[in-house]
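Undergrad: Quick one: the structure is below, and I'll ask about it shortly.
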Amino acid sequence: MKYVVVLYDGMADYPVPQLSGKTPMTVANKPKFDSLGKKGTVGLVKTVPDGMKPGSDVANMSVMGFDPSIYYTGRSPLEAASIGVDLKDTDVTLRCNLVTLSDEENYADKTMVDYCADDISTEEAAEIIKTVEEHFGSDIYKFYSGVSYRHCLVWANGTTDLGNMTPPHDISGKVIGEYLSNSENAEDLISLMKKSYELLKNHPVNTQRVKNGRRPANSIWLWGEGKKPMLSPFEELYGINGAVISAVDLLKGIGKCAKMETPEVEGATGYIDTNFKGKAQAAVEALKSGCDYAYIHIEAPDECGHRRESENKVKAIEMIDEQVLPIVLEGLKDYDDYKIMILPDHPTPIATATHASDPVPFMIYQKSKPAVGVDTVNEETAKATGLFIGSGVELMKKFLEI
C-alpha cells in the first residue's frame with residue numbers, strides 16, 4: 001500500500017464577492033480532484049486545536065498526525081531545523097521576515113506594505129541577511145539565511161515570553177505600532193527591527209530593486225518564537241516511512257525533525273509560479289525509492305489568500321489539478337493498492353487575508369475500496385456529508401487505518 005497526501009495550503013475560504021459569492025474551491029475547475037471525490041470519502045476535519053493559533057505550523061503538524069498540543073514548540077525552530085541550524089536546548093529561534101514598510105519617520109507609524117518584500121528572490125535576500133548578520137550578529141544573536149523572504153534568528157539563552165510578536169501577514173496594509181510587542185523581554189528584538197530599517201532602506205540590493213520597479217526589503221520582522229523541536233519519528237508513530245515535498249522551510253523542518261525524506265525540487269518557490277510538476281514527480285520518485293508515504297505541500301493557494309488575489313487562488317487550485325494530480329495518479333497506477341488524501345491545512349480567506357481556524361474539507365480515495373462520495377468537493381459539499389473528524393491525528397489514523 002502506498003499513501004499520498006496532497007496538501008493545498010490555505011485552500012478553504014469563505015464566500016468571495018468577486019467570485020459571485022462562491023469560494024475559490026467552488027469556482028475552480030478541478031476535474032481530477034472531483035473525479036476522486038465522486039468515489040472517495042468526503043467530510044470536514046478540525047485541524048487547529050482549541051486555544052492554538054491557526055498557523056501553517058500547527059495545522060500541518062496536525063494533518064501529518066502530530067498532536068500540536070504535545071509536539072508544538074514554535075514555528076521558527078522547525079524552519080531552523082530545515083536549514084541545518086544545530087539548536088541548543090537553551091536557544092530560542094524567531095522567524096525573520098524581510099518585509100516592505102512605508103517611509104514614515106517614526107517606525108511605529110509605518111504601514112506593513114508587503115509581508116514578503118514583493119517576493120524577494122533567495123539570492124537577493126541572502127545578500128541582505130548577510131548585511132544584517134554583519135551589523136547585528138553577536139554571541140547572543142545570529143541570523144541565518146533561508147528561502148525568499150523567510151529567514152531565521154537564533155537567540156542564545158533567550159526567552160519565548162515576548163508578548164505579542166505578530167505575524168506580518170496578519171497586518172498587511174495596517175500601521176504597525178499597535179502590533180509591536182511592548183513586553184520588556186522583547187525590547188532588544190524590537191530595537192533590532194527598528195535599526196534594520198535604517199540599515200536596509202538604502203542597501204544596494206534595495207536600490208536596484210526600486211530601480212527595477214520592485215518593492216524594497218527595508219526591514220526585518222521578528223516573530224514565531226520557539227525552542228528546539230522534539231518531534232517523534234513518523235515511522236515510529238505510524239509504522240511506515242515517508243517523504244515531505246515542499247518549497248518552504250517550515251514543512252521541510254517538520255519532515256527533517258520527524259526523520260522523513262525531504263527532497264529538493266528545483267524551481268519550487270512557494271507561490272503560483274512554483275514547479276508544480278517537479279513536486280509531483282519528486283513524490284512519485286520517493287515512492288519508487290521505497291517510501292510508503294508522500295506528503296506534497298503546495299503553498300500557492302495560501303499566498304494568494306494573504307494577497308487577496310481571488311482569481312489567482314482559483315488559478316492555483318486549477319494548476320494543481322492540471323499539473324500535480326495527473327502525475328501522482330499515473331505514478332500510483334503501478335501499485336496494487338493506494339490511498340490519496342486531498343485537503344487544505346486551514347482556510348486563508350480572501351476577506352481577511354489571514355488564517356482561520358474553521359474545519360476544512362478533506363477527501364480520501366482508495367483504489368481497492370471506492371466509496372459513494374460527492375459530485376464536487378468544496379466547503380459546503382464536505383459539510384453536507386455529515387462526516388466530521390475532530391483532529392488531524394484522528395484523520396491520519398483513519399487514512400492509515402490504524
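Identifiers for the C-alpha cells are assigned positionally: chains receive A, B, ... in sequence, residues are indexed from 1 per chain, and ligands are indexed from 1 in the order shown.
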Env of range 336-344 of chain A: 7 Å cut, atoms = only C-alpha atoms, seq-sep filter 4 positions within chain, self excluded. Answer as a ChimeraX atom specification.
TA: /A:1-12,332,360-368
Undergrad: Any idea what's packed within 8 Å of range 278-293 of chain A, counting only C-alpha atoms, ignoring anything in its chain fewer than 5 positions away? Could you give it as a PDB file with N, CA, C and O atoms, in the first residue's frame?
TA:
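Just written: selection_16.pdb:
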ATOM      1  N   MET A   1       0.835  -1.204   0.000  1.00  0.00           N
ATOM      2  CA  MET A   1       0.000   0.000   0.000  1.00  0.00           C
ATOM      3  C   MET A   1       0.870   1.254   0.000  1.00  0.00           C
ATOM      4  O   MET A   1       1.834   1.348   0.759  1.00  0.00           O
ATOM      5  N   LYS A   2       0.513   2.198  -0.868  1.00  0.00           N
ATOM      6  CA  LYS A   2       1.173   3.495  -0.886  1.00  0.00           C
ATOM      7  C   LYS A   2       0.159   4.566  -0.482  1.00  0.00           C
ATOM      8  O   LYS A   2      -1.044   4.461  -0.778  1.00  0.00           O
ATOM      9  N   TYR A   3       0.670   5.592   0.182  1.00  0.00           N
ATOM     10  CA  TYR A   3      -0.176   6.667   0.679  1.00  0.00           C
ATOM     11  C   TYR A   3       0.365   8.015   0.193  1.00  0.00           C
ATOM     12  O   TYR A   3       1.569   8.272   0.300  1.00  0.00           O
ATOM     13  N   VAL A   4      -0.528   8.869  -0.313  1.00  0.00           N
ATOM     14  CA  VAL A   4      -0.133  10.208  -0.746  1.00  0.00           C
ATOM     15  C   VAL A   4      -1.118  11.219  -0.169  1.00  0.00           C
ATOM     16  O   VAL A   4      -2.339  11.029  -0.249  1.00  0.00           O
ATOM     17  N   VAL A   5      -0.571  12.279   0.403  1.00  0.00           N
ATOM     18  CA  VAL A   5      -1.372  13.436   0.818  1.00  0.00           C
ATOM     19  C   VAL A   5      -0.987  14.601  -0.081  1.00  0.00           C
ATOM     20  O   VAL A   5       0.201  14.894  -0.251  1.00  0.00           O
ATOM     21  N   ILE A 240       5.284   3.389   9.082  1.00  0.00           N
ATOM     22  CA  ILE A 240       5.686   3.495   7.682  1.00  0.00           C
ATOM     23  C   ILE A 240       6.664   4.654   7.536  1.00  0.00           C
ATOM     24  O   ILE A 240       6.658   5.588   8.341  1.00  0.00           O
ATOM     25  N   ASN A 241       7.491   4.589   6.507  1.00  0.00           N
ATOM     26  CA  ASN A 241       8.431   5.679   6.280  1.00  0.00           C
ATOM     27  C   ASN A 241       7.862   6.630   5.233  1.00  0.00           C
ATOM     28  O   ASN A 241       6.982   6.271   4.453  1.00  0.00           O
ATOM     29  N   GLY A 242       8.352   7.863   5.239  1.00  0.00           N
ATOM     30  CA  GLY A 242       7.728   8.845   4.371  1.00  0.00           C
ATOM     31  C   GLY A 242       8.640   9.947   3.910  1.00  0.00           C
ATOM     32  O   GLY A 242       9.811  10.042   4.311  1.00  0.00           O
ATOM     33  N   ALA A 243       8.077  10.798   3.041  1.00  0.00           N
ATOM     34  CA  ALA A 243       8.802  11.940   2.487  1.00  0.00           C
ATOM     35  C   ALA A 243       7.879  13.153   2.502  1.00  0.00           C
ATOM     36  O   ALA A 243       6.662  13.031   2.347  1.00  0.00           O
ATOM     37  N   ILE A 245       7.458  16.798   0.555  1.00  0.00           N
ATOM     38  CA  ILE A 245       7.879  17.579  -0.610  1.00  0.00           C
ATOM     39  C   ILE A 245       7.267  18.963  -0.487  1.00  0.00           C
ATOM     40  O   ILE A 245       6.040  19.114  -0.519  1.00  0.00           O
ATOM     41  N   SER A 246       8.116  19.974  -0.322  1.00  0.00           N
ATOM     42  CA  SER A 246       7.628  21.339  -0.102  1.00  0.00           C
ATOM     43  C   SER A 246       8.686  22.337  -0.516  1.00  0.00           C
ATOM     44  O   SER A 246       9.886  22.025  -0.536  1.00  0.00           O
ATOM     45  N   PRO A 263      13.193  15.777  -0.176  1.00  0.00           N
ATOM     46  CA  PRO A 263      13.907  16.049  -1.430  1.00  0.00           C
ATOM     47  C   PRO A 263      13.773  17.498  -1.873  1.00  0.00           C
ATOM     48  O   PRO A 263      12.734  18.138  -1.655  1.00  0.00           O
ATOM     49  N   VAL A 265      13.383  20.284  -4.759  1.00  0.00           N
ATOM     50  CA  VAL A 265      12.759  20.369  -6.071  1.00  0.00           C
ATOM     51  C   VAL A 265      13.177  21.690  -6.717  1.00  0.00           C
ATOM     52  O   VAL A 265      12.861  22.765  -6.219  1.00  0.00           O
ATOM     53  N   GLU A 266      13.912  21.595  -7.797  1.00  0.00           N
ATOM     54  CA  GLU A 266      14.362  22.796  -8.493  1.00  0.00           C
ATOM     55  C   GLU A 266      13.158  23.598  -8.987  1.00  0.00           C
ATOM     56  O   GLU A 266      12.211  23.046  -9.556  1.00  0.00           O
ATOM     57  N   GLY A 267      13.189  24.907  -8.731  1.00  0.00           N
ATOM     58  CA  GLY A 267      12.113  25.772  -9.190  1.00  0.00           C
ATOM     59  C   GLY A 267      10.896  25.799  -8.289  1.00  0.00           C
ATOM     60  O   GLY A 267       9.883  26.402  -8.638  1.00  0.00           O
ATOM     61  N   ALA A 268      10.968  25.170  -7.111  1.00  0.00           N
ATOM     62  CA  ALA A 268       9.863  25.227  -6.147  1.00  0.00           C
ATOM     63  C   ALA A 268       9.959  26.540  -5.383  1.00  0.00           C
ATOM     64  O   ALA A 268      10.939  26.780  -4.687  1.00  0.00           O
ATOM     65  N   GLN A 323      -1.515  19.919 -13.090  1.00  0.00           N
ATOM     66  CA  GLN A 323      -0.092  19.606 -13.172  1.00  0.00           C
ATOM     67  C   GLN A 323       0.429  18.667 -12.095  1.00  0.00           C
ATOM     68  O   GLN A 323       1.477  18.044 -12.282  1.00  0.00           O
ATOM     69  N   VAL A 324      -0.275  18.561 -10.971  1.00  0.00           N
ATOM     70  CA  VAL A 324       0.185  17.693  -9.887  1.00  0.00           C
ATOM     71  C   VAL A 324      -0.570  16.368  -9.885  1.00  0.00           C
ATOM     72  O   VAL A 324       0.034  15.288  -9.943  1.00  0.00           O
ATOM     73  N   LEU A 325      -1.888  16.430  -9.838  1.00  0.00           N
ATOM     74  CA  LEU A 325      -2.669  15.204  -9.676  1.00  0.00           C
ATOM     75  C   LEU A 325      -2.477  14.205 -10.821  1.00  0.00           C
ATOM     76  O   LEU A 325      -2.367  12.989 -10.557  1.00  0.00           O
ATOM     77  N   ILE A 327       0.168  13.519 -12.626  1.00  0.00           N
ATOM     78  CA  ILE A 327       1.457  12.843 -12.462  1.00  0.00           C
ATOM     79  C   ILE A 327       1.406  11.886 -11.277  1.00  0.00           C
ATOM     80  O   ILE A 327       1.890  10.741 -11.350  1.00  0.00           O
ATOM     81  N   VAL A 328       0.812  12.337 -10.180  1.00  0.00           N
ATOM     82  CA  VAL A 328       0.711  11.488  -8.989  1.00  0.00           C
ATOM     83  C   VAL A 328      -0.134  10.252  -9.286  1.00  0.00           C
ATOM     84  O   VAL A 328       0.264   9.115  -8.971  1.00  0.00           O
ATOM     85  N   GLY A 331       1.615   7.812 -11.513  1.00  0.00           N
ATOM     86  CA  GLY A 331       2.659   7.101 -10.777  1.00  0.00           C
ATOM     87  C   GLY A 331       2.107   6.038  -9.852  1.00  0.00           C
ATOM     88  O   GLY A 331       2.749   5.013  -9.605  1.00  0.00           O
ATOM     89  N   LEU A 332       0.889   6.250  -9.334  1.00  0.00           N
ATOM     90  CA  LEU A 332       0.288   5.297  -8.406  1.00  0.00           C
ATOM     91  C   LEU A 332      -0.301   4.077  -9.102  1.00  0.00           C
ATOM     92  O   LEU A 332      -0.584   3.063  -8.452  1.00  0.00           O
TER      93      LEU A 332
END
Undergrad: Quick one: residues within 12 Å of Thr90 in chain A, only C-alpha atoms counted, chain neighbours fewer than 6 positions away excluded, as number ranges by chain?
TA: A: 140, 154-160, 226-229
Undergrad: Could the residues in this selection be saved with all heavy atoms as a PDB file, in the first residue's frame?
TA:
ATOM      1  N   ILE A 140      25.111  36.645  21.063  1.00  0.00           N
ATOM      2  CA  ILE A 140      23.726  36.495  21.516  1.00  0.00           C
ATOM      3  C   ILE A 140      22.793  36.244  20.341  1.00  0.00           C
ATOM      4  O   ILE A 140      21.920  35.385  20.395  1.00  0.00           O
ATOM      5  CB  ILE A 140      23.268  37.746  22.287  1.00  0.00           C
ATOM      6  CG1 ILE A 140      24.145  37.949  23.519  1.00  0.00           C
ATOM      7  CG2 ILE A 140      21.799  37.640  22.679  1.00  0.00           C
ATOM      8  CD1 ILE A 140      23.875  39.242  24.259  1.00  0.00           C
ATOM      9  N   VAL A 154      18.592  33.138  15.632  1.00  0.00           N
ATOM     10  CA  VAL A 154      18.803  32.295  16.808  1.00  0.00           C
ATOM     11  C   VAL A 154      19.314  33.180  17.937  1.00  0.00           C
ATOM     12  O   VAL A 154      20.303  33.906  17.790  1.00  0.00           O
ATOM     13  CB  VAL A 154      19.811  31.161  16.523  1.00  0.00           C
ATOM     14  CG1 VAL A 154      20.074  30.358  17.792  1.00  0.00           C
ATOM     15  CG2 VAL A 154      19.280  30.242  15.428  1.00  0.00           C
ATOM     16  N   TRP A 155      18.620  33.124  19.049  1.00  0.00           N
ATOM     17  CA  TRP A 155      18.888  33.975  20.218  1.00  0.00           C
ATOM     18  C   TRP A 155      19.391  33.069  21.339  1.00  0.00           C
ATOM     19  O   TRP A 155      18.641  32.279  21.901  1.00  0.00           O
ATOM     20  CB  TRP A 155      17.595  34.683  20.594  1.00  0.00           C
ATOM     21  CG  TRP A 155      17.621  35.555  21.805  1.00  0.00           C
ATOM     22  CD1 TRP A 155      18.705  35.998  22.489  1.00  0.00           C
ATOM     23  CD2 TRP A 155      16.475  36.095  22.475  1.00  0.00           C
ATOM     24  NE1 TRP A 155      18.321  36.782  23.532  1.00  0.00           N
ATOM     25  CE2 TRP A 155      16.957  36.861  23.553  1.00  0.00           C
ATOM     26  CE3 TRP A 155      15.099  36.000  22.260  1.00  0.00           C
ATOM     27  CZ2 TRP A 155      16.092  37.528  24.424  1.00  0.00           C
ATOM     28  CZ3 TRP A 155      14.250  36.666  23.120  1.00  0.00           C
ATOM     29  CH2 TRP A 155      14.737  37.421  24.187  1.00  0.00           C
ATOM     30  N   ALA A 156      20.678  33.158  21.653  1.00  0.00           N
ATOM     31  CA  ALA A 156      21.283  32.321  22.689  1.00  0.00           C
ATOM     32  C   ALA A 156      20.713  32.680  24.061  1.00  0.00           C
ATOM     33  O   ALA A 156      20.640  33.851  24.431  1.00  0.00           O
ATOM     34  CB  ALA A 156      22.800  32.492  22.691  1.00  0.00           C
ATOM     35  N   ASN A 157      20.293  31.665  24.805  1.00  0.00           N
ATOM     36  CA  ASN A 157      19.744  31.844  26.152  1.00  0.00           C
ATOM     37  C   ASN A 157      18.573  32.825  26.162  1.00  0.00           C
ATOM     38  O   ASN A 157      18.405  33.616  27.094  1.00  0.00           O
ATOM     39  CB  ASN A 157      20.837  32.324  27.118  1.00  0.00           C
ATOM     40  CG  ASN A 157      21.986  31.344  27.213  1.00  0.00           C
ATOM     41  OD1 ASN A 157      21.782  30.165  27.492  1.00  0.00           O
ATOM     42  ND2 ASN A 157      23.200  31.816  26.948  1.00  0.00           N
ATOM     43  N   GLY A 158      17.753  32.748  25.117  1.00  0.00           N
ATOM     44  CA  GLY A 158      16.621  33.658  25.007  1.00  0.00           C
ATOM     45  C   GLY A 158      15.401  33.157  25.753  1.00  0.00           C
ATOM     46  O   GLY A 158      15.429  32.144  26.452  1.00  0.00           O
ATOM     47  N   THR A 159      14.308  33.888  25.588  1.00  0.00           N
ATOM     48  CA  THR A 159      13.043  33.520  26.213  1.00  0.00           C
ATOM     49  C   THR A 159      11.933  33.587  25.172  1.00  0.00           C
ATOM     50  O   THR A 159      12.001  34.379  24.233  1.00  0.00           O
ATOM     51  CB  THR A 159      12.699  34.459  27.391  1.00  0.00           C
ATOM     52  OG1 THR A 159      11.417  34.082  27.928  1.00  0.00           O
ATOM     53  CG2 THR A 159      12.625  35.915  26.938  1.00  0.00           C
ATOM     54  N   THR A 160      10.925  32.750  25.354  1.00  0.00           N
ATOM     55  CA  THR A 160       9.757  32.802  24.476  1.00  0.00           C
ATOM     56  C   THR A 160       8.647  33.667  25.077  1.00  0.00           C
ATOM     57  O   THR A 160       7.593  33.828  24.471  1.00  0.00           O
ATOM     58  CB  THR A 160       9.201  31.389  24.212  1.00  0.00           C
ATOM     59  OG1 THR A 160       8.900  30.764  25.465  1.00  0.00           O
ATOM     60  CG2 THR A 160      10.219  30.546  23.457  1.00  0.00           C
ATOM     61  N   GLY A 226      10.255  30.200  19.348  1.00  0.00           N
ATOM     62  CA  GLY A 226      10.094  28.843  19.864  1.00  0.00           C
ATOM     63  C   GLY A 226      11.423  28.230  20.253  1.00  0.00           C
ATOM     64  O   GLY A 226      12.487  28.836  20.054  1.00  0.00           O
ATOM     65  N   LYS A 227      11.352  27.029  20.795  1.00  0.00           N
ATOM     66  CA  LYS A 227      12.546  26.323  21.252  1.00  0.00           C
ATOM     67  C   LYS A 227      12.711  25.022  20.472  1.00  0.00           C
ATOM     68  O   LYS A 227      11.863  24.631  19.677  1.00  0.00           O
ATOM     69  CB  LYS A 227      12.457  26.051  22.758  1.00  0.00           C
ATOM     70  CG  LYS A 227      12.223  27.322  23.592  1.00  0.00           C
ATOM     71  CD  LYS A 227      12.642  27.172  25.028  1.00  0.00           C
ATOM     72  CE  LYS A 227      14.145  27.287  25.160  1.00  0.00           C
ATOM     73  NZ  LYS A 227      14.591  27.360  26.572  1.00  0.00           N
ATOM     74  N   LYS A 228      13.805  24.359  20.692  1.00  0.00           N
ATOM     75  CA  LYS A 228      14.208  23.173  19.933  1.00  0.00           C
ATOM     76  C   LYS A 228      13.059  22.174  19.813  1.00  0.00           C
ATOM     77  O   LYS A 228      12.431  21.799  20.806  1.00  0.00           O
ATOM     78  CB  LYS A 228      15.394  22.503  20.629  1.00  0.00           C
ATOM     79  CG  LYS A 228      16.000  21.341  19.871  1.00  0.00           C
ATOM     80  CD  LYS A 228      17.237  20.830  20.617  1.00  0.00           C
ATOM     81  CE  LYS A 228      17.877  19.663  19.874  1.00  0.00           C
ATOM     82  NZ  LYS A 228      19.113  19.206  20.544  1.00  0.00           N
ATOM     83  N   PRO A 229      12.750  21.748  18.565  1.00  0.00           N
ATOM     84  CA  PRO A 229      11.641  20.805  18.369  1.00  0.00           C
ATOM     85  C   PRO A 229      11.945  19.422  18.927  1.00  0.00           C
ATOM     86  O   PRO A 229      13.097  19.003  18.972  1.00  0.00           O
ATOM     87  CB  PRO A 229      11.475  20.747  16.854  1.00  0.00           C
ATOM     88  CG  PRO A 229      12.511  21.612  16.261  1.00  0.00           C
ATOM     89  CD  PRO A 229      13.402  22.121  17.340  1.00  0.00           C
TER      90      PRO A 229
END
Undergrad: Identify, with DSSP run on backbone atoms, the residues in range 68-139 of chain A assigned to strand (DSSP E), and express the list as a PDB file with N, CA, C and O atoms, in the first residue's frame.
TA:
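Result saved to states-v2.pdb:
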ATOM      1  N   VAL A  92      16.579  30.129  21.646  1.00  0.00           N
ATOM      2  CA  VAL A  92      15.250  30.492  21.152  1.00  0.00           C
ATOM      3  C   VAL A  92      15.429  30.966  19.721  1.00  0.00           C
ATOM      4  O   VAL A  92      16.366  31.704  19.415  1.00  0.00           O
ATOM      5  N   THR A  93      14.571  30.524  18.836  1.00  0.00           N
ATOM      6  CA  THR A  93      14.649  30.978  17.456  1.00  0.00           C
ATOM      7  C   THR A  93      13.414  31.807  17.119  1.00  0.00           C
ATOM      8  O   THR A  93      12.345  31.627  17.707  1.00  0.00           O
ATOM      9  N   LEU A  94      13.582  32.720  16.163  1.00  0.00           N
ATOM     10  CA  LEU A  94      12.474  33.522  15.660  1.00  0.00           C
ATOM     11  C   LEU A  94      12.516  33.543  14.145  1.00  0.00           C
ATOM     12  O   LEU A  94      13.606  33.557  13.555  1.00  0.00           O
ATOM     13  N   ARG A  95      11.343  33.549  13.531  1.00  0.00           N
ATOM     14  CA  ARG A  95      11.272  33.798  12.087  1.00  0.00           C
ATOM     15  C   ARG A  95      11.701  35.241  11.849  1.00  0.00           C
ATOM     16  O   ARG A  95      11.258  36.149  12.555  1.00  0.00           O
ATOM     17  N   CYS A  96      12.525  35.433  10.860  1.00  0.00           N
ATOM     18  CA  CYS A  96      12.988  36.769  10.468  1.00  0.00           C
ATOM     19  C   CYS A  96      12.513  37.035   9.041  1.00  0.00           C
ATOM     20  O   CYS A  96      13.180  36.657   8.086  1.00  0.00           O
ATOM     21  N   ASN A  97      11.337  37.630   8.915  1.00  0.00           N
ATOM     22  CA  ASN A  97      10.847  38.004   7.592  1.00  0.00           C
ATOM     23  C   ASN A  97      11.592  39.223   7.071  1.00  0.00           C
ATOM     24  O   ASN A  97      11.983  40.100   7.849  1.00  0.00           O
ATOM     25  N   LEU A  98      11.754  39.296   5.764  1.00  0.00           N
ATOM     26  CA  LEU A  98      12.121  40.553   5.113  1.00  0.00           C
ATOM     27  C   LEU A  98      10.828  41.150   4.574  1.00  0.00           C
ATOM     28  O   LEU A  98      10.124  40.517   3.780  1.00  0.00           O
ATOM     29  N   VAL A  99      10.513  42.364   5.033  1.00  0.00           N
ATOM     30  CA  VAL A  99       9.235  42.990   4.701  1.00  0.00           C
ATOM     31  C   VAL A  99       9.466  44.357   4.072  1.00  0.00           C
ATOM     32  O   VAL A  99      10.574  44.914   4.123  1.00  0.00           O
ATOM     33  N   THR A 100       8.402  44.900   3.506  1.00  0.00           N
ATOM     34  CA  THR A 100       8.413  46.267   2.995  1.00  0.00           C
ATOM     35  C   THR A 100       7.530  47.119   3.885  1.00  0.00           C
ATOM     36  O   THR A 100       6.331  46.832   4.038  1.00  0.00           O
ATOM     37  N   LEU A 101       8.126  48.134   4.492  1.00  0.00           N
ATOM     38  CA  LEU A 101       7.385  49.098   5.305  1.00  0.00           C
ATOM     39  C   LEU A 101       7.336  50.441   4.589  1.00  0.00           C
ATOM     40  O   LEU A 101       8.205  50.763   3.775  1.00  0.00           O
ATOM     41  N   MET A 112       2.550  48.166   7.148  1.00  0.00           N
ATOM     42  CA  MET A 112       3.036  46.914   6.560  1.00  0.00           C
ATOM     43  C   MET A 112       2.571  46.869   5.106  1.00  0.00           C
ATOM     44  O   MET A 112       1.454  46.463   4.796  1.00  0.00           O
ATOM     45  N   VAL A 113       3.443  47.315   4.206  1.00  0.00           N
ATOM     46  CA  VAL A 113       3.099  47.374   2.785  1.00  0.00           C
ATOM     47  C   VAL A 113       3.104  45.979   2.168  1.00  0.00           C
ATOM     48  O   VAL A 113       2.225  45.618   1.383  1.00  0.00           O
ATOM     49  N   ASP A 114       4.103  45.159   2.548  1.00  0.00           N
ATOM     50  CA  ASP A 114       4.224  43.833   1.929  1.00  0.00           C
ATOM     51  C   ASP A 114       4.995  42.912   2.869  1.00  0.00           C
ATOM     52  O   ASP A 114       6.173  43.146   3.163  1.00  0.00           O
TER      53      ASP A 114
END
Undergrad: Please identify all polymer residues within 12 Å of Lys110 in chain A, counting only C-alpha atoms, omitting same-chain residues fewer than 3 positions from it, and present them as a PyMOL selection string.
TA: chain A and resi 99-107+113-114+171-180+194+197+218-219
Undergrad: Counting only C-alpha atoms, give me one row per residue of range 278-333 of chain A with an atom at most 12 Å from an atom of range 116-120 of chain A, showing the shortest contact pair and its distance in Å to one decimal, sorted by chain then residue number, as a Markdown table.
TA:
| residue | atom | partner | partner_atom | distance |
| --- | --- | --- | --- | --- |
| A:Glu303 | CA | A:Cys116 | CA | 9.8 |
| A:His306 | CA | A:Cys116 | CA | 10.4 |
| A:Arg307 | CA | A:Cys116 | CA | 10.2 |
Undergrad: Pick the closest to Ala382 in chain A from A:Cys152, A:Ile129, A:Ala356, A:Val45: which is it, counting only C-alpha atoms?
TA: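 Closest residue, counting only C-alpha atoms: A:Val45.
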Undergrad: Neighbours of His203 in chain A within 9 Å (only C-alpha atoms; same-chain residues fewer than 3 positions away dropped), as an MDAnalysis selection string?
TA: chainID A and resid 128 131 199:200 206:208 216:218
Undergrad: For Ser357 in chain A, which residue out of A:Glu322, A:Asp345, A:Glu264, A:Asp188 is the nearest one, using only C-alpha atoms?
TA: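 Among the listed residues, A:Asp345 lies closest to Ser357 in chain A.
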Undergrad: Contacts of Glu394 in chain A at 12 Å or less, counting only C-alpha atoms, minus same-chain residues fewer than 2 places along, as a ChimeraX atom specification?
TA: /A:44-47,62-67,388-392,396-402
Undergrad: Write out as a list in words which residues come within 7 Å of Asn164 in chain A when counting only C-alpha atoms, dropping same-chain ones fewer than 2 positions away.
TA: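 Result of the neighbour search: Leu162, Thr166 and Ser181 of chain A.
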Undergrad: Keeping only all heavy atoms, write the selected residues as a compact mmCIF listing (two decimals), in the first residue's frame.
TA:
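Output file selection.txt is given in full below:
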# COMPACT_ATOMS: atom_id res chain seq x y z
N LEU A 162 7.54 36.77 25.17
CA LEU A 162 7.82 38.00 24.43
C LEU A 162 6.58 38.86 24.16
O LEU A 162 6.67 39.83 23.42
CB LEU A 162 8.47 37.65 23.09
CG LEU A 162 9.83 36.94 23.17
CD1 LEU A 162 10.28 36.49 21.79
CD2 LEU A 162 10.86 37.84 23.81
N THR A 166 3.66 39.71 16.39
CA THR A 166 2.62 39.50 15.40
C THR A 166 3.17 39.01 14.06
O THR A 166 4.11 39.58 13.53
CB THR A 166 1.85 40.81 15.16
OG1 THR A 166 1.41 41.33 16.41
CG2 THR A 166 0.66 40.60 14.24
N SER A 181 5.35 44.31 20.02
CA SER A 181 5.26 43.87 21.41
C SER A 181 5.79 44.94 22.35
O SER A 181 6.85 45.54 22.11
CB SER A 181 6.05 42.57 21.60
OG SER A 181 6.06 42.21 22.97
Undergrad: So the first atom is CA of Lys252 in chain A and the second is CA of Gly51 in chain A; what is the distance between them in Å, to one decimal place?
TA: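 Spanning CA of Lys252 in chain A to CA of Gly51 in chain A is a straight-line distance of 25.2 Å.
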Undergrad: As JSON, numbers by chain, list the residues of range 83-183 of chain A assigned to helix (DSSP H, G or I) by DSSP on the backbone atoms of this structure.
TA: {"A": [107, 108, 109, 122, 123, 124, 125, 126, 127, 128, 129, 130, 131, 132, 133, 134, 135, 136, 168, 169, 170, 177, 178, 179]}
Undergrad: Under the rule that only C-alpha atoms are counted, which of A:His135, A:Lys383, A:Arg75, A:Lys22 is the nearest residue to Glu198 in chain A?
TA: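 Nearest to Glu198 in chain A: A:His135.
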